[in-house]
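Chemist: My questions will all concern the structure given below.
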Amino acid sequence: MKFSIQTLYQPIFRIWRRKRFGLFLAKIRPRPTDILLDVGGYPHFWLQYPPIAARIDTLNLHLQGGWHPEEFPNYSFDRIVGDGCAMSFADKSYDIAFSNSVIEHLGSPESQAAFASEIMRVGRKIWVQTPAFECPIEPHYLTPFVHWLPVYLRRKIVRNFTVWGLTNRPSLAQINEMVDTTRLLSKKEFTNLFPDCLILTEYMLGFIPKSYIAYRH
């Protein structure tokens, strides 16, 4: 079997995600009658857990495959093609607007601001998570400090000096896409994007900021 970067982080990340999902349930308290919008997510994320809402809509730029409703009769999904930075939904049209590790992939501060504004507009309750810029280990490259380097230097080193580069052997086009679209947010930036939300900090080893969560309940 071919070794991949997922082999390294999936067991640990799975534990963190389950803990975070428990926090989501405690803070947001979804109801069986709720309609939830997952911006940038996929049905398989929710299939790890018991049903929590009447329906979950997943919004992505392209139609997502791999969903077979006959295999999961207790779940209701609607897969929608759309742009999270410019959604066509009415204000507060969803009981819960949810996004997990998406906003850091939008590339520019302007796109991230538009995404945050749209999430707050369409959802009554909000839950948005993103990795912390302050964490020394960049979660996409699985390498310390690389996200603190200038963009031009990242392009030069990620293939041969990061775990992602050494295990995936990305092409130049893949390197450019990763560098151009991945922009981690500091706590100050993230807080400013969600002015009417509470901000939670998840920690690694008890004191290192790992990720941030903006929520409105």
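FYI, nothing fancy with the structure tokens labels: chains A, B, ... in order, residues from 1 per chain, ligands from 1 as they appear.
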Set the distance at 10 Å and use only C-alpha atoms: which residues neighbour segment 73-80 of chain A once local chain neighbours fewer than 3 positions away are removed? I'd like the list as a ChimeraX atom specification.
Modeler: /A:35-39,41-43,46-47,50-65,67-70,83
Chemist: Return as an MDAnalysis selection string the full set of residues in chain A whose backbone-based DSSP assignment is helix (DSSP H, G or I).
Modeler: chainID A and resid 5:28 43:46 69:71 103:105 109:122 146:148 151:161 163:168 172:181 187:193
Chemist: Could you list, as a list in words, every residue within 6 Å of Asp180 of chain A, counting only C-alpha atoms and ignoring same-chain residues fewer than 3 positions away?
Modeler: Gly107, Asn176 and Glu177 of chain A
Chemist: Selected residues, N, CA and C atoms, written as an mmCIF file, in the first residue's frame, please.
Modeler:
```cif
data_model
loop_
_atom_site.group_PDB
_atom_site.id
_atom_site.type_symbol
_atom_site.label_atom_id
_atom_site.label_comp_id
_atom_site.auth_asym_id
_atom_site.auth_seq_id
_atom_site.Cartn_x
_atom_site.Cartn_y
_atom_site.Cartn_z
ATOM 1 N N GLY A 107 -7.272 31.644 0.390
ATOM 2 C CA GLY A 107 -6.150 32.314 -0.256
ATOM 3 C C GLY A 107 -5.889 33.756 0.106
ATOM 4 N N ASN A 176 2.188 25.231 -6.181
ATOM 5 C CA ASN A 176 1.693 26.595 -6.324
ATOM 6 C C ASN A 176 0.260 26.724 -5.810
ATOM 7 N N GLU A 177 -0.559 25.720 -6.098
ATOM 8 C CA GLU A 177 -1.941 25.760 -5.622
ATOM 9 C C GLU A 177 -1.991 25.729 -4.097
#
```
Chemist: Measuring atom to atom with only C-alpha atoms, identify which of A:Tyr152, A:Phe194, A:Ser99, A:Arg18 is nearest to Ser117 of chain A.
Modeler: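 Checking each of A:Tyr152, A:Phe194, A:Ser99, A:Arg18 against Ser117 of chain A, counting only C-alpha atoms, the winner is A:Phe194.
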Chemist: Would you mind reading off the distance between atom CA of Leu185 of chain A and atom CA of Tyr141 of chain A, one decimal, in Å?
Modeler: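 Interatomic distance, atom CA of Leu185 of chain A to atom CA of Tyr141 of chain A: 15.7 Å.
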